[in-house]
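As stored in final05.txt (compact mmCIF, C-alpha atoms and all ligand atoms):
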# COMPACT_ATOMS: atom_id res chain seq x y z
CA MET A 21 -178.88 -44.51 5.09
CA GLN A 22 -180.63 -42.16 2.71
CA ARG A 23 -180.77 -43.29 -0.87
CA ARG A 24 -178.20 -41.59 -3.11
CA ILE A 25 -179.73 -39.72 -6.06
CA GLY A 26 -177.97 -37.63 -8.67
CA VAL A 27 -177.67 -36.67 -12.30
CA HIS A 28 -175.02 -36.65 -14.97
CA VAL A 29 -173.63 -33.11 -14.81
CA SER A 30 -171.48 -31.09 -17.19
CA ILE A 31 -167.89 -30.30 -16.19
CA ALA A 32 -167.77 -27.13 -18.31
CA GLY A 33 -165.44 -24.71 -16.53
CA GLY A 34 -163.70 -27.48 -14.58
CA ILE A 35 -164.54 -30.74 -12.80
CA ASP A 36 -165.06 -28.83 -9.56
CA LYS A 37 -167.83 -26.84 -11.30
CA GLY A 38 -169.57 -30.16 -11.97
CA LEU A 39 -169.80 -30.78 -8.23
CA GLU A 40 -171.17 -27.28 -7.64
CA ARG A 41 -173.89 -27.95 -10.22
CA ALA A 42 -174.71 -31.25 -8.50
CA LYS A 43 -174.92 -29.54 -5.11
CA GLU A 44 -177.26 -26.84 -6.47
CA LEU A 45 -179.58 -29.60 -7.70
CA GLY A 46 -179.55 -31.27 -4.29
CA CYS A 47 -177.71 -34.35 -5.58
CA THR A 48 -176.04 -36.77 -3.14
CA THR A 49 -174.20 -38.68 -5.88
CA VAL A 50 -173.07 -37.62 -9.35
CA GLN A 51 -171.83 -38.79 -12.73
CA ILE A 52 -169.42 -36.88 -14.98
CA PHE A 53 -167.38 -37.30 -18.12
CA SER A 54 -163.72 -36.77 -17.31
CA HIS A 55 -163.20 -35.13 -20.72
CA ASN A 56 -165.01 -34.73 -24.06
CA PRO A 57 -166.66 -38.16 -24.47
CA ARG A 58 -166.57 -37.97 -28.26
CA GLY A 59 -162.84 -37.30 -28.54
CA TRP A 60 -159.64 -39.17 -27.67
CA GLY A 61 -158.06 -36.08 -26.14
CA LEU A 62 -158.03 -36.00 -22.35
CA GLY A 63 -157.86 -32.24 -21.98
CA ASN A 64 -155.94 -30.55 -19.22
CA ARG A 65 -157.08 -30.73 -15.66
CA GLN A 66 -155.45 -28.18 -13.41
CA GLU A 67 -154.07 -29.15 -10.05
CA GLU A 68 -156.33 -26.58 -8.33
CA GLU A 69 -159.54 -27.93 -9.82
CA ILE A 70 -158.61 -31.45 -8.68
CA VAL A 71 -157.82 -30.29 -5.15
CA ARG A 72 -161.03 -28.25 -5.06
CA PHE A 73 -163.05 -31.16 -6.47
CA MET A 74 -161.89 -33.47 -3.68
CA ALA A 75 -162.51 -30.87 -0.99
CA LEU A 76 -166.03 -30.18 -2.29
CA LYS A 77 -166.80 -33.89 -2.62
CA LYS A 78 -166.07 -34.26 1.07
CA SER A 79 -167.80 -31.14 2.32
CA TYR A 80 -170.91 -31.66 0.17
CA ASP A 81 -170.89 -35.41 0.95
CA ILE A 82 -171.45 -36.30 -2.70
CA ALA A 83 -170.62 -39.97 -3.17
CA PRO A 84 -170.14 -42.20 -4.98
CA VAL A 85 -168.75 -40.24 -7.91
CA PHE A 86 -169.13 -42.09 -11.21
CA ILE A 87 -167.02 -41.29 -14.28
CA HIS A 88 -168.72 -42.30 -17.53
CA THR A 89 -166.10 -43.38 -20.07
CA SER A 90 -165.73 -42.03 -23.59
CA TYR A 91 -168.22 -43.25 -26.22
CA LEU A 92 -165.34 -44.01 -28.57
CA ILE A 93 -164.11 -46.94 -26.47
CA ASN A 94 -164.72 -50.35 -28.04
CA LEU A 95 -163.03 -53.27 -26.31
CA ALA A 96 -164.85 -55.78 -28.55
CA THR A 97 -163.51 -54.44 -31.85
CA SER A 98 -161.47 -56.47 -34.33
CA ARG A 99 -159.63 -53.29 -35.43
CA GLN A 100 -156.26 -53.40 -33.70
CA GLU A 101 -155.66 -49.67 -33.63
CA LEU A 102 -159.07 -48.94 -32.11
CA LEU A 103 -158.59 -51.73 -29.57
CA ARG A 104 -155.19 -50.38 -28.55
CA LYS A 105 -156.58 -46.85 -28.12
CA SER A 106 -159.60 -48.17 -26.22
CA ILE A 107 -157.48 -50.11 -23.75
CA ALA A 108 -155.25 -47.06 -23.20
CA MET A 109 -158.32 -44.87 -22.69
CA VAL A 110 -159.89 -47.16 -20.07
CA ILE A 111 -156.57 -47.14 -18.19
CA GLU A 112 -156.52 -43.33 -18.37
CA GLU A 113 -160.09 -43.09 -17.06
CA LEU A 114 -159.13 -45.30 -14.11
CA ASN A 115 -156.05 -43.14 -13.48
CA ILE A 116 -158.19 -40.00 -13.52
CA ALA A 117 -160.74 -41.62 -11.22
CA ASP A 118 -158.01 -42.35 -8.66
CA GLN A 119 -156.64 -38.83 -9.06
CA ILE A 120 -159.97 -37.23 -8.20
CA ASP A 121 -161.16 -39.86 -5.74
CA ALA A 122 -164.03 -41.10 -7.94
CA GLU A 123 -165.25 -44.50 -6.80
CA PHE A 124 -166.45 -46.00 -10.10
CA VAL A 125 -165.87 -45.85 -13.85
CA VAL A 126 -168.88 -46.78 -16.02
CA LEU A 127 -168.09 -48.57 -19.26
CA HIS A 128 -169.98 -49.61 -22.41
CA THR A 129 -167.86 -52.65 -23.17
CA GLY A 130 -168.08 -52.45 -26.95
CA SER A 131 -169.83 -53.64 -30.06
CA ALA A 132 -169.25 -56.31 -32.67
CA ALA A 133 -170.08 -54.49 -35.93
CA GLY A 134 -171.07 -57.45 -38.09
CA ASP A 135 -168.88 -59.91 -36.21
CA ASP A 136 -170.07 -62.90 -34.16
CA PRO A 137 -171.14 -61.52 -30.74
CA GLY A 138 -169.49 -64.36 -28.81
CA THR A 139 -166.16 -63.75 -30.56
CA ALA A 140 -166.49 -60.02 -29.96
CA ARG A 141 -167.22 -60.55 -26.25
CA GLY A 142 -164.19 -62.83 -26.08
CA ARG A 143 -162.05 -59.98 -27.39
CA ALA A 144 -163.52 -57.64 -24.77
CA ILE A 145 -162.69 -60.16 -22.03
CA GLU A 146 -159.08 -60.39 -23.25
CA ALA A 147 -158.85 -56.59 -23.36
CA LEU A 148 -160.18 -56.30 -19.81
CA LYS A 149 -157.67 -58.92 -18.62
CA GLN A 150 -154.90 -56.84 -20.22
CA ILE A 151 -156.16 -53.78 -18.37
CA ALA A 152 -156.27 -55.73 -15.10
CA ALA A 153 -152.66 -56.79 -15.66
CA ALA A 154 -151.57 -53.22 -16.38
CA GLY A 155 -152.11 -51.79 -12.92
CA THR A 156 -154.12 -51.57 -9.74
CA TRP A 157 -156.62 -48.86 -8.97
CA LYS A 158 -158.83 -47.90 -6.06
CA ALA A 159 -161.63 -47.04 -8.51
CA ARG A 160 -163.38 -49.98 -10.13
CA LEU A 161 -165.24 -50.49 -13.39
CA LEU A 162 -168.97 -51.01 -13.78
CA LEU A 163 -170.20 -52.63 -16.99
CA GLU A 164 -173.36 -50.97 -18.30
CA ASN A 165 -176.10 -52.90 -20.11
CA THR A 166 -176.64 -51.53 -23.61
CA ALA A 167 -179.83 -50.94 -25.62
CA GLY A 168 -179.53 -53.79 -28.12
CA GLU A 169 -178.56 -51.62 -31.07
CA ARG A 170 -176.91 -53.28 -34.05
CA GLY A 171 -173.71 -55.03 -33.01
CA ASP A 172 -174.35 -54.67 -29.25
CA VAL A 173 -172.74 -57.48 -27.28
CA THR A 174 -173.81 -56.44 -23.76
CA SER A 175 -177.57 -55.84 -23.91
CA ARG A 176 -178.42 -59.05 -22.00
CA ILE A 177 -177.61 -59.46 -18.30
CA HIS A 178 -176.32 -62.89 -19.16
CA ASP A 179 -173.75 -61.34 -21.52
CA LEU A 180 -172.50 -58.98 -18.81
CA ALA A 181 -172.27 -61.89 -16.37
CA GLY A 182 -170.13 -63.82 -18.86
CA ILE A 183 -167.63 -60.97 -18.84
CA LEU A 184 -167.76 -60.48 -15.05
CA GLN A 185 -166.98 -64.13 -14.44
CA GLN A 186 -163.79 -64.06 -16.46
CA VAL A 187 -162.21 -60.77 -15.46
CA PRO A 188 -160.63 -60.20 -12.02
CA ARG A 189 -163.13 -58.64 -9.60
CA GLY A 190 -160.42 -56.25 -8.43
CA LEU A 191 -160.92 -54.46 -11.75
CA ILE A 192 -164.68 -54.76 -12.19
CA ALA A 193 -166.96 -54.14 -9.21
CA GLY A 194 -170.14 -55.16 -11.01
CA ILE A 195 -172.78 -53.70 -13.29
CA CYS A 196 -174.71 -50.51 -13.96
CA LEU A 197 -178.32 -51.08 -15.04
CA ASP A 198 -179.74 -48.47 -17.41
CA THR A 199 -183.55 -48.68 -17.37
CA CYS A 200 -183.96 -47.20 -20.87
CA HIS A 201 -181.41 -49.63 -22.29
CA ALA A 202 -182.99 -52.62 -20.50
CA PHE A 203 -186.45 -51.66 -21.83
CA SER A 204 -185.10 -51.08 -25.34
CA ALA A 205 -183.35 -54.43 -25.21
CA GLY A 206 -186.67 -56.14 -24.41
CA TYR A 207 -186.77 -56.39 -20.59
CA ASP A 208 -190.36 -55.59 -19.69
CA ILE A 209 -189.77 -53.53 -16.57
CA CYS A 210 -193.33 -52.18 -16.80
CA THR A 211 -194.89 -55.23 -15.16
CA ALA A 212 -194.34 -56.58 -11.64
CA LYS A 213 -193.49 -59.95 -13.15
CA GLY A 214 -191.02 -58.50 -15.65
CA LEU A 215 -189.27 -56.63 -12.85
CA ASP A 216 -188.96 -59.80 -10.76
CA VAL A 217 -187.55 -61.65 -13.76
CA LEU A 218 -184.89 -58.96 -14.26
CA ALA A 219 -183.99 -58.91 -10.55
CA ARG A 220 -183.68 -62.70 -10.52
CA GLU A 221 -181.58 -62.67 -13.67
CA ILE A 222 -179.14 -60.15 -12.19
CA SER A 223 -178.99 -62.02 -8.91
CA ALA A 224 -178.54 -65.46 -10.49
CA HIS A 225 -176.02 -64.55 -13.18
CA CYS A 226 -174.07 -61.61 -11.77
CA GLY A 227 -174.55 -62.10 -8.03
CA ARG A 228 -176.74 -60.37 -5.44
CA ASP A 229 -174.22 -57.57 -4.83
CA ALA A 230 -173.13 -56.94 -8.42
CA LEU A 231 -175.62 -54.16 -9.10
CA ARG A 232 -173.88 -50.93 -8.01
CA LEU A 233 -175.64 -48.24 -10.02
CA ILE A 234 -178.94 -47.59 -11.77
CA HIS A 235 -179.16 -45.15 -14.67
CA LEU A 236 -182.76 -44.06 -14.31
CA ASN A 237 -184.04 -42.98 -17.72
CA ASP A 238 -187.41 -43.22 -19.41
CA ALA A 239 -187.46 -44.42 -23.03
CA LYS A 240 -188.66 -42.60 -26.14
CA LYS A 241 -189.14 -45.84 -28.08
CA PRO A 242 -191.26 -48.93 -27.26
CA LEU A 243 -190.25 -52.17 -25.52
CA GLY A 244 -187.64 -54.10 -27.49
CA SER A 245 -187.03 -51.28 -29.99
CA GLY A 246 -183.25 -51.64 -29.76
CA VAL A 247 -183.03 -47.85 -29.88
CA ASP A 248 -181.15 -45.83 -27.25
CA ARG A 249 -183.21 -42.65 -26.82
CA HIS A 250 -183.67 -41.37 -23.26
CA GLU A 251 -186.81 -39.51 -22.15
CA HIS A 252 -187.82 -37.49 -19.04
CA ILE A 253 -188.90 -39.67 -16.10
CA GLY A 254 -192.56 -40.59 -16.42
CA GLU A 255 -192.95 -38.96 -19.84
CA GLY A 256 -191.84 -41.87 -22.01
CA MET A 257 -192.83 -45.43 -22.79
CA ILE A 258 -191.88 -46.74 -19.33
CA GLY A 259 -194.06 -44.23 -17.48
CA LYS A 260 -194.50 -43.00 -13.92
CA LYS A 261 -196.34 -46.02 -12.54
CA SER A 262 -193.61 -48.39 -13.69
CA PHE A 263 -190.89 -46.16 -12.24
CA SER A 264 -192.75 -46.05 -8.95
CA ARG A 265 -192.72 -49.83 -8.82
CA PHE A 266 -189.11 -49.97 -9.97
CA VAL A 267 -187.52 -47.53 -7.49
CA ASN A 268 -189.36 -49.17 -4.59
CA HIS A 269 -188.75 -52.80 -5.59
CA PRO A 270 -186.73 -54.48 -2.79
CA PHE A 271 -183.97 -55.60 -5.16
CA PHE A 272 -183.47 -52.13 -6.64
CA SER A 273 -184.48 -49.89 -3.74
CA ARG A 274 -181.06 -49.30 -2.16
CA ILE A 275 -178.98 -48.78 -5.29
CA PRO A 276 -177.76 -45.24 -6.15
CA LEU A 277 -179.70 -43.57 -8.95
CA ILE A 278 -178.21 -41.36 -11.65
CA LEU A 279 -180.49 -39.63 -14.16
CA GLU A 280 -179.30 -39.21 -17.74
CA THR A 281 -182.50 -37.58 -18.91
CA PRO A 282 -182.60 -34.93 -21.66
CA LYS A 283 -181.71 -31.42 -20.55
CA MET A 284 -182.13 -28.09 -22.22
CA THR A 285 -181.78 -26.24 -18.90
CA ALA A 286 -181.10 -27.04 -15.24
CA ASP A 287 -184.89 -26.91 -14.75
CA ASP A 288 -185.18 -30.21 -16.61
CA ASP A 289 -182.89 -31.85 -14.05
CA LEU A 290 -184.79 -30.27 -11.16
CA ARG A 291 -188.11 -31.49 -12.56
CA ASN A 292 -186.88 -35.05 -13.14
CA LEU A 293 -185.24 -35.22 -9.72
CA GLY A 294 -188.47 -33.96 -8.16
CA THR A 295 -190.45 -36.65 -9.94
CA VAL A 296 -188.10 -39.39 -8.72
CA ARG A 297 -188.02 -38.13 -5.12
CA ALA A 298 -191.83 -38.08 -5.08
CA LEU A 299 -191.99 -41.67 -6.33
CA ILE A 300 -189.63 -43.03 -3.71
CA GLY A 301 -191.54 -44.50 -0.80
CA LYS A 302 -194.78 -44.53 -2.76
CA GLY A 303 -194.39 -47.94 -4.38
ZN ZN B 1 -173.81 -45.20 -20.60
ZN ZN B 2 -176.83 -45.05 -19.12

Could you render the structure from this file as structure tokens?
Ligand SMILES: [Zn+2]
Ligand SMILES: [Zn+2]
Amino acid sequence: MQRRIGVHVSIAGGIDKGLERAKELGCTTVQIFSHNPRGWGLGNRQEEEIVRFMALKKSYDIAPVFIHTSYLINLATSRQELLRKSIAMVIEELNIADQIDAEFVVLHTGSAAGDDPGTARGRAIEALKQIAAAGTWKARLLLENTAGERGDVTSRIHDLAGILQQVPRGLIAGICLDTCHAFSAGYDICTAKGLDVLAREISAHCGRDALRLIHLNDAKKPLGSGVDRHEHIGEGMIGKKSFSRFVNHPFFSRIPLILETPKMTADDDLRNLGTVRALIGKG
């Protein structure tokens, strides 16, 4: 089967418009926000746009569809009100995913903000167990590795594995690996050895089949910077040669790719997609 490649697209004008944008770019998979990711409001989705979204998804054969959750969610927080809202929001995102037939929901688990990371992760695990007890969904969560910014509790694969092991697999399908975040968190994916180490770490701690999605992003800042700033593919600190090795590495070569690279215009997406397509098969 052909490798699935897509970008994060805007849903301005309706979620169905997002799929049209993806199709125009030649995407075979896609990621969207289900609503404004910096607000708690869910907005109003019309019945027609949902019906049209599902019809287009089928006719364009765009799958899987990934919903990226709101940036406000923090399941590791000690603030009760924020935790309550975060749990409710994850449940809503899963509901929306099932409504529109999206396969996966991508989640940044949360951050500790001055607290002990282990304690904070424990809170996130409890929150995820609460979510698992609150319903059943066809869509499943993917935990994304984070960039190692202050308070991050999920920048190491080992940390993600600790969560995966304690939450029912019916809720969480596995992980999403963001290349910019991994590099910023200190994983040297620019060497063959560093790449093998990362692959082994994922396989040993999370399981061979846990990796379901790769966010393919170059990084503006150097290795281990702890800063989450995405760059165009091949134009940042990771570079074209390293991406060529990465996308063709046997462990990573069959996983769907979603680009979250900077975009001023659709041309930026076209250029980045072109770069990635040219690298595939040239490792
Ligand atoms: Zn993300
Ligand atoms: Zn990402």

Inset, instruction - Show me which residues sit within 10 Å of ligand ZN 1 (chain B) when counting all atoms listed in the file, and put them as a list of chain:residue names. - result: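 With all atoms listed in the file and a cut-off of 10 Å, ligand ZN 1 (chain B) is contacted by A:His88, A:Thr89, A:Ser90, A:Tyr91, A:Val126, A:Leu127, A:His128, A:Thr129, A:Leu163, A:Glu164, A:Asn165, A:Thr166, A:Ala167, A:Cys196, A:Leu197, A:Asp198, A:His201, A:His235, A:Asp248, A:Glu280.
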
Writer output for current selection, C-alpha atoms, as a PDB file, keeping the file's coordinate frame:
ATOM      1  CA  HIS A  88    -168.720 -42.300 -17.530  1.00  0.00           C
ATOM      2  CA  THR A  89    -166.100 -43.380 -20.070  1.00  0.00           C
ATOM      3  CA  SER A  90    -165.730 -42.030 -23.590  1.00  0.00           C
ATOM      4  CA  TYR A  91    -168.220 -43.250 -26.220  1.00  0.00           C
ATOM      5  CA  VAL A 126    -168.880 -46.780 -16.020  1.00  0.00           C
ATOM      6  CA  LEU A 127    -168.090 -48.570 -19.260  1.00  0.00           C
ATOM      7  CA  HIS A 128    -169.980 -49.610 -22.410  1.00  0.00           C
ATOM      8  CA  THR A 129    -167.860 -52.650 -23.170  1.00  0.00           C
ATOM      9  CA  LEU A 163    -170.200 -52.630 -16.990  1.00  0.00           C
ATOM     10  CA  GLU A 164    -173.360 -50.970 -18.300  1.00  0.00           C
ATOM     11  CA  ASN A 165    -176.100 -52.900 -20.110  1.00  0.00           C
ATOM     12  CA  THR A 166    -176.640 -51.530 -23.610  1.00  0.00           C
ATOM     13  CA  ALA A 167    -179.830 -50.940 -25.620  1.00  0.00           C
ATOM     14  CA  CYS A 196    -174.710 -50.510 -13.960  1.00  0.00           C
ATOM     15  CA  LEU A 197    -178.320 -51.080 -15.040  1.00  0.00           C
ATOM     16  CA  ASP A 198    -179.740 -48.470 -17.410  1.00  0.00           C
ATOM     17  CA  HIS A 201    -181.410 -49.630 -22.290  1.00  0.00           C
ATOM     18  CA  HIS A 235    -179.160 -45.150 -14.670  1.00  0.00           C
ATOM     19  CA  ASP A 248    -181.150 -45.830 -27.250  1.00  0.00           C
ATOM     20  CA  GLU A 280    -179.300 -39.210 -17.740  1.00  0.00           C
TER      21      GLU A 280
END

Inset, instruction - Give me, please, the distance in Å between CA of Gly259 (chain A) and CA of Leu218 (chain A), quoted to one decimal. - result: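 Answer for the CA of Gly259 (chain A) to CA of Leu218 (chain A) separation: 17.6 Å.
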
Legend entry - A:His225, A:His28, A:Lys105, A:Lys241 ranked by distance to Arg176 (chain A), top pick (using only C-alpha atoms):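 Under the stated criterion, the closest residue is A:His225.
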
Inset, instruction - Find the residue from A:Ala96, A:Ala83, A:Ile52, A:Leu191 that sits nearest to ligand ZN 2 (chain B); use all atoms listed in the file when measuring. - result: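 Counting all atoms listed in the file, the residue closest to ligand ZN 2 (chain B) is A:Ile52.
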
Determine the axis-aligned bounding box of all atoms of region 258-272 of chain A present in the file, pad each side by 8 Å, and express its centre and edge lengths in Å to one decimal place as AutoDock Vina command-line options.
--center_x -189.9 --center_y -49.3 --center_z -11.1 --size_x 28.9 --size_y 28.6 --size_z 32.5

Inset, instruction - Could you check which of A:Thr285, A:Asn56, A:Ser245, A:Thr199 is closest to ligand ZN 2 (chain B), using only C-alpha atoms and all ligand atoms? - result: A:Thr199

Inset, instruction - Dig up all the protein and nucleic acid residues within 12 Å of (-156.6, -45.2, -23.8) in the file frame, using all atoms listed in the file, and format them as a list in words. - result: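 The residues near that point, listed by chain and number, are Gly59, Trp60, Gly61, Leu62, Thr89, Ser90, Leu92, Ile93, Asn94, Leu95, Glu101, Leu102, Leu103, Arg104, Lys105, Ser106, Ile107, Ala108, Met109, Val110, Ile111, Glu112, Glu113, Leu114, Asn115, Ile116, Ala147 and Ile151 of chain A.
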
Legend entry - Long-range neighbours of Leu299 (chain A) as a PyMOL selection string, 12 Å cut-off, all atoms listed in the file, 3 positions minimum in chain: chain A and resi 253-254+259-269+273+292-296+302-303

Residues of the last selection are to be written out with C-alpha atoms, as a short mmCIF file (atom, residue, chain, number, x, y, z; two decimals), in the frame of the given file.
data_model
loop_
_atom_site.label_atom_id
_atom_site.label_comp_id
_atom_site.auth_asym_id
_atom_site.auth_seq_id
_atom_site.Cartn_x
_atom_site.Cartn_y
_atom_site.Cartn_z
CA ILE A 253 -188.90 -39.67 -16.10
CA GLY A 254 -192.56 -40.59 -16.42
CA GLY A 259 -194.06 -44.23 -17.48
CA LYS A 260 -194.50 -43.00 -13.92
CA LYS A 261 -196.34 -46.02 -12.54
CA SER A 262 -193.61 -48.39 -13.69
CA PHE A 263 -190.89 -46.16 -12.24
CA SER A 264 -192.75 -46.05 -8.95
CA ARG A 265 -192.72 -49.83 -8.82
CA PHE A 266 -189.11 -49.97 -9.97
CA VAL A 267 -187.52 -47.53 -7.49
CA ASN A 268 -189.36 -49.17 -4.59
CA HIS A 269 -188.75 -52.80 -5.59
CA SER A 273 -184.48 -49.89 -3.74
CA ASN A 292 -186.88 -35.05 -13.14
CA LEU A 293 -185.24 -35.22 -9.72
CA GLY A 294 -188.47 -33.96 -8.16
CA THR A 295 -190.45 -36.65 -9.94
CA VAL A 296 -188.10 -39.39 -8.72
CA LYS A 302 -194.78 -44.53 -2.76
CA GLY A 303 -194.39 -47.94 -4.38
#

Inset, instruction - Find the residues around Asp36 (chain A) up to 9 Å (all atoms listed in the file counted), leave out those fewer than 4 positions away in its own chain, and share them as a list in words. - result: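 Contacts, in chain order: Ile31, Glu40, Arg41, Glu69, Ile70, Val71, Arg72, Phe73, Met74, Leu76 and Lys77 of chain A.
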
Inset, instruction - Pick out the residues sitting within 10 Å of Cys226 (chain A), and hand them over as a PyMOL selection string; count all atoms listed in the file, and ignore anything fewer than 4 positions along from it in its own chain. - result: chain A and resi 177-185+194-195+220-222+230-231

Inset, instruction - Would you please work out which residue, of A:Gly26, A:Gly301, A:Gly34, A:Pro282, is nearest to Arg65 (chain A) when using all atoms listed in the file? - result: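 Comparing A:Gly26, A:Gly301, A:Gly34, A:Pro282 against Arg65 (chain A), the winner is A:Gly34.
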